[in-house]
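Taking it in order: structure first as structure tokens, then the write-up.
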Amino acid sequence: MSRTVITLGPRQLGLEEPMYFRVQTAGDRVAGLEVLAGQVHRGLEHLTLKRNFYQNITLLERLCSLCSNSHPSTFCTALEELAGMVVPPRAEYLRAVADEIKRIASHLFNCAVVAHIVGEHALFRRVMELRETVQQTKEAIYGNRMDLAANCIGGVRYDLDAGRVGYLKSQLEGLKAPLEELYRVFADDPALAAATVGVGVLTREQAQAFGVVGPVARAAGIDYDVREKSPYGAYDRLSFQVAVQAAGDVRARALVRLVEARQAVSLIEQCLDQLPEGPVALMSFPEIPAGEVIAKSEAPRGELIYYLRTDGTDLPVRLKWRVPSYPNWAALGEMLKGEPVSRIPLIVNSIDPCISCTDR
Amino acid sequence: MHDVEATVARVLEGVLGAQRGEPAWRRDAKGGMSGWYRLGNPEEIPMVARALAGLEARLSMVSAYLVPSPQNAIGREIAYHFDLDGSTLTLTLELPLEGARVPSLTQVYRNADWQEREFRELYDIEVLGHPNPGRLFVDRSLEPALFERLIPYSTFINGANGERLWREVQAAQEEVAP
């Protein structure tokens, strides 16, 4: 069979960000994939070396939008670990609240796009309406729908009084039944099942070989979540079960995200119930000594890891991070191999890729 | 001794010999473990990586950087970060500023592909045996390590340079003044 090479850009893939692909086809099937990154490479890791630690919190929050809270919170964790700072317990819970509310919005956005691509427009609208509840909640609590500006070195920059706790709880209550309903739809709806079951499969072995992380890994049976494997912040005091599926297909990835969205509601409720009294940040700020440190978190797309190297000044010598989309991109070729070309947009979106994070 | 410490010590001893010592392990505020170990030469990294793969370690990230700092670099280092079921082991490799070369880990870890292509183009470190050594982010018309060679616009126009320039102008004026 003759082979053809086609180039696909973001428009054809339904992506909102610039990434290009060179696809080898055999007939109407995908035979090979080359990911062409770098369209929005901004040299951000280099830029962090020109800014002090405070300025980098602001810069890192603008790295991407959907997981914007994970970057500054993980960076702050690295600095706090290096300086031996003990973050106030109330701040740890408030960081978890911000992380989990972002997780719900991020996961719902991806499930909405999946519904859109398979032509389930009514479902797309329902998921986006539910996500809008989360967006409005973020705006009410943080003053912004995407970049929450919640983190500072040694704690957080916001607090929840009794009124806001009550408001947040009522908003969470309103999410529960629709999230249950959405899970049932994605699990049982015949039309969705026909479009997603057995599609874009990544086996457990392939997932391990490519080192994929987050919902993509957990949908392939890998029981790994940073919040459980190496707890940070308040997660050592919160209870949840790692969402794992075995099929490794598009449906499994959506189900993992919907389970995690439900769990995020529970995690925020646990935080609000356990929220201790006390300061939300350290009043004094120690020197950041020379050294090197690793900090990790479970961002909506999976494990986010930071490496920070310092020399005793207020500028990093090296700040390196690996976003969860990074290994997941490389495994995309395995998921697409042998699939009809018409399924490319659905499978690409099922890994919930973040181009802005990847390119940096 | 914690399980991961003993297991990694045994693996490193098996590959590199007992005289090389053990990683320095640190426990973070929540009990998370991070181990730090310096390799002797580039040929050791594939051997150690293969042994770690046998422990189902995941290559988590690779960090290349200039030492002691980008402003006064006299050498390079690469830190290979491996995940061992939640603990992180960092293997650091010292490299020369010029002519730095490392063997590819793609035969052991498929996800080394992008990591190696990235540090190859941003840090001018040659990767030996990479199956797909094309550019990842930076246009192929640009020479490697452009951040080391070119002056970014932000540096070019920043306040420190402007202040230094003004002081030079003032000093020059004082010299010519009677």
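By convention in this document, the chains of the structure tokens carry letters A, B, ... by their order, each chain's residues are numbered from 1, and ligands are numbered from 1 in the order they are shown.
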Q | Within 7 Å of chain B: residues of chain A, using only C-alpha atoms, as a ChimeraX atom specification | A | /A:37-38,41,81,209-211,226,229-232,317-318,320,322,327,330,359
Residue selection dump (C-alpha atoms) as a compact mmCIF listing (two decimals), in the first residue's frame:
# COMPACT_ATOMS: atom_id res chain seq x y z
CA ALA A 37 6.88 21.64 18.52
CA GLY A 38 8.40 25.04 19.15
CA HIS A 41 8.75 28.48 22.52
CA GLU A 81 12.13 23.09 51.06
CA ALA A 209 8.08 2.55 28.31
CA PHE A 210 7.22 6.16 27.44
CA GLY A 211 7.05 7.27 31.07
CA VAL A 226 1.95 12.30 43.18
CA LYS A 229 3.00 8.58 46.19
CA SER A 230 4.85 11.56 47.64
CA PRO A 231 2.29 13.77 49.38
CA TYR A 232 2.91 17.50 49.55
CA VAL A 317 21.13 29.41 38.81
CA ARG A 318 18.88 26.90 37.08
CA LYS A 320 14.02 23.40 35.11
CA ARG A 322 9.08 18.94 33.11
CA PRO A 327 6.18 12.53 27.93
CA ALA A 330 5.90 11.22 22.68
CA ASP A 359 6.98 24.64 24.46
Q | All alpha helix (DSSP H) positions in range 63-179 of chain A, as a PyMOL selection string | A | chain A and resi 70-83+89-117+121-142+162-179
Q: Excluding Val197 in chain A and any residue of its chain fewer than 2 positions from it, enumerate the residues within 12 Å of it, using only C-alpha atoms, and give them as a list in words.
A: Phe186, Ala187, Asp188, Asp189, Pro190, Ala191, Leu192, Ala193, Ala194, Ala195, Val199, Gly200, Val201, Ala246, Ala247, Gly248, Asp249, Val250, Arg251, Ala252, Arg253, Ala254, Leu255, Leu346 and Ile347 of chain A
Q | Neighbour list for Trp329 in chain A as a PyMOL selection string, cut-off 12 Å, only C-alpha atoms, skip fewer than 4 positions in-chain | A | (chain A and resi 19-21+33-37+207+210-213+216+301+323-325+333-336+347-355+357-359) or (chain B and resi 110-111+113-114)
Go ahead and save the picked residues with C-alpha atoms, as a PDB file, in the first residue's frame.
ATOM      1  CA  MET A  19       1.331  22.622  17.347  1.00  0.00           C
ATOM      2  CA  TYR A  20       1.992  20.933  14.029  1.00  0.00           C
ATOM      3  CA  PHE A  21       2.182  17.286  13.056  1.00  0.00           C
ATOM      4  CA  LEU A  33       3.656  10.554  13.549  1.00  0.00           C
ATOM      5  CA  GLU A  34       6.131  13.358  13.992  1.00  0.00           C
ATOM      6  CA  VAL A  35       5.270  16.139  16.450  1.00  0.00           C
ATOM      7  CA  LEU A  36       6.610  19.539  15.369  1.00  0.00           C
ATOM      8  CA  ALA A  37       6.881  21.639  18.515  1.00  0.00           C
ATOM      9  CA  ALA A 207       2.715   3.680  29.026  1.00  0.00           C
ATOM     10  CA  PHE A 210       7.217   6.158  27.442  1.00  0.00           C
ATOM     11  CA  GLY A 211       7.054   7.267  31.073  1.00  0.00           C
ATOM     12  CA  VAL A 212       3.618   8.840  30.585  1.00  0.00           C
ATOM     13  CA  VAL A 213       1.974  10.429  33.617  1.00  0.00           C
ATOM     14  CA  VAL A 216      -3.093   9.095  30.494  1.00  0.00           C
ATOM     15  CA  ARG A 301      -2.385  16.584  33.420  1.00  0.00           C
ATOM     16  CA  VAL A 323       5.385  19.300  32.442  1.00  0.00           C
ATOM     17  CA  PRO A 324       3.101  16.239  32.254  1.00  0.00           C
ATOM     18  CA  SER A 325       2.268  16.792  28.587  1.00  0.00           C
ATOM     19  CA  GLY A 333       2.433   7.999  18.040  1.00  0.00           C
ATOM     20  CA  GLU A 334       1.668   4.636  19.655  1.00  0.00           C
ATOM     21  CA  MET A 335      -1.950   5.621  20.343  1.00  0.00           C
ATOM     22  CA  LEU A 336      -2.482   6.739  16.741  1.00  0.00           C
ATOM     23  CA  ILE A 347      -7.144  10.818  20.170  1.00  0.00           C
ATOM     24  CA  VAL A 348      -4.899  13.900  20.308  1.00  0.00           C
ATOM     25  CA  ASN A 349      -7.387  15.660  22.568  1.00  0.00           C
ATOM     26  CA  SER A 350      -7.742  12.593  24.767  1.00  0.00           C
ATOM     27  CA  ILE A 351      -4.227  13.164  26.129  1.00  0.00           C
ATOM     28  CA  ASP A 352      -5.360  16.702  27.057  1.00  0.00           C
ATOM     29  CA  PRO A 353      -2.154  18.226  25.708  1.00  0.00           C
ATOM     30  CA  CYS A 354      -0.887  21.588  26.864  1.00  0.00           C
ATOM     31  CA  ILE A 355       1.188  23.155  24.093  1.00  0.00           C
ATOM     32  CA  CYS A 357       3.441  24.136  28.884  1.00  0.00           C
ATOM     33  CA  THR A 358       5.334  21.905  26.476  1.00  0.00           C
ATOM     34  CA  ASP A 359       6.981  24.643  24.455  1.00  0.00           C
TER      35      ASP A 359
ATOM     36  CA  ARG B 110      11.973   5.914  25.107  1.00  0.00           C
ATOM     37  CA  ASN B 111      11.022   9.167  26.809  1.00  0.00           C
ATOM     38  CA  ASP B 113      14.135  11.175  23.131  1.00  0.00           C
ATOM     39  CA  TRP B 114      12.659  14.641  23.683  1.00  0.00           C
TER      40      TRP B 114
END
Hey, what does DSSP flag as strand (DSSP E) within range 14-170 of chain B? Can you give it to me as an mmCIF file with C-alpha atoms, in the first residue's frame?
data_model
loop_
_atom_site.group_PDB
_atom_site.id
_atom_site.type_symbol
_atom_site.label_atom_id
_atom_site.label_comp_id
_atom_site.auth_asym_id
_atom_site.auth_seq_id
_atom_site.Cartn_x
_atom_site.Cartn_y
_atom_site.Cartn_z
ATOM 1 C CA ALA B 24 23.152 11.312 49.765
ATOM 2 C CA TRP B 25 19.458 11.001 50.653
ATOM 3 C CA ARG B 26 17.299 13.799 51.987
ATOM 4 C CA ARG B 27 13.811 13.603 53.408
ATOM 5 C CA MET B 33 12.860 11.013 49.638
ATOM 6 C CA SER B 34 15.346 12.540 47.198
ATOM 7 C CA GLY B 35 18.750 10.977 46.544
ATOM 8 C CA TRP B 36 21.749 12.790 45.025
ATOM 9 C CA TYR B 37 24.710 11.072 43.417
ATOM 10 C CA ARG B 38 27.545 12.217 41.140
ATOM 11 C CA ARG B 58 10.976 6.018 35.459
ATOM 12 C CA LEU B 59 13.146 8.655 33.788
ATOM 13 C CA SER B 60 11.334 11.681 35.094
ATOM 14 C CA MET B 61 13.347 14.640 33.791
ATOM 15 C CA VAL B 62 16.794 15.642 32.564
ATOM 16 C CA SER B 63 18.201 19.053 33.577
ATOM 17 C CA ALA B 64 21.207 20.504 31.790
ATOM 18 C CA TYR B 65 22.835 23.666 33.122
ATOM 19 C CA LEU B 66 26.015 25.728 33.233
ATOM 20 C CA VAL B 67 28.253 25.724 36.337
ATOM 21 C CA GLY B 75 31.662 23.779 32.726
ATOM 22 C CA ARG B 76 28.368 22.022 32.255
ATOM 23 C CA GLU B 77 26.390 19.489 34.208
ATOM 24 C CA ILE B 78 23.467 17.239 33.429
ATOM 25 C CA ALA B 79 21.187 16.027 36.210
ATOM 26 C CA TYR B 80 19.184 12.900 35.334
ATOM 27 C CA HIS B 81 16.152 12.604 37.623
ATOM 28 C CA PHE B 82 14.610 9.148 38.102
ATOM 29 C CA ASP B 83 11.368 8.339 39.875
ATOM 30 C CA LEU B 84 11.386 5.275 42.108
ATOM 31 C CA SER B 87 11.182 8.909 45.542
ATOM 32 C CA THR B 88 13.493 10.865 43.232
ATOM 33 C CA LEU B 89 17.086 9.880 42.489
ATOM 34 C CA THR B 90 19.231 12.522 40.762
ATOM 35 C CA LEU B 91 22.398 11.399 38.991
ATOM 36 C CA THR B 92 24.651 14.324 38.133
ATOM 37 C CA LEU B 93 27.251 14.233 35.396
ATOM 38 C CA GLU B 94 30.004 16.823 34.968
ATOM 39 C CA LEU B 95 30.860 17.845 31.406
ATOM 40 C CA PRO B 96 33.320 20.263 29.817
ATOM 41 C CA ARG B 101 29.153 14.568 24.772
ATOM 42 C CA VAL B 102 26.853 12.035 26.389
ATOM 43 C CA PRO B 103 25.499 8.693 25.200
ATOM 44 C CA GLU B 126 26.213 16.304 21.685
ATOM 45 C CA VAL B 127 24.114 13.174 22.155
ATOM 46 C CA LEU B 128 25.747 10.032 20.820
#
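A straight line drawn from CA of Arg184 in chain A to CA of Arg103 in chain A is 19.6 Å long.
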Q) For His107 in chain A, which residue among A:Arg360, A:Arg257, A:Arg22, A:Arg51 is the nearest when counting only C-alpha atoms? A)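 The closest residue to His107 in chain A is A:Arg257.
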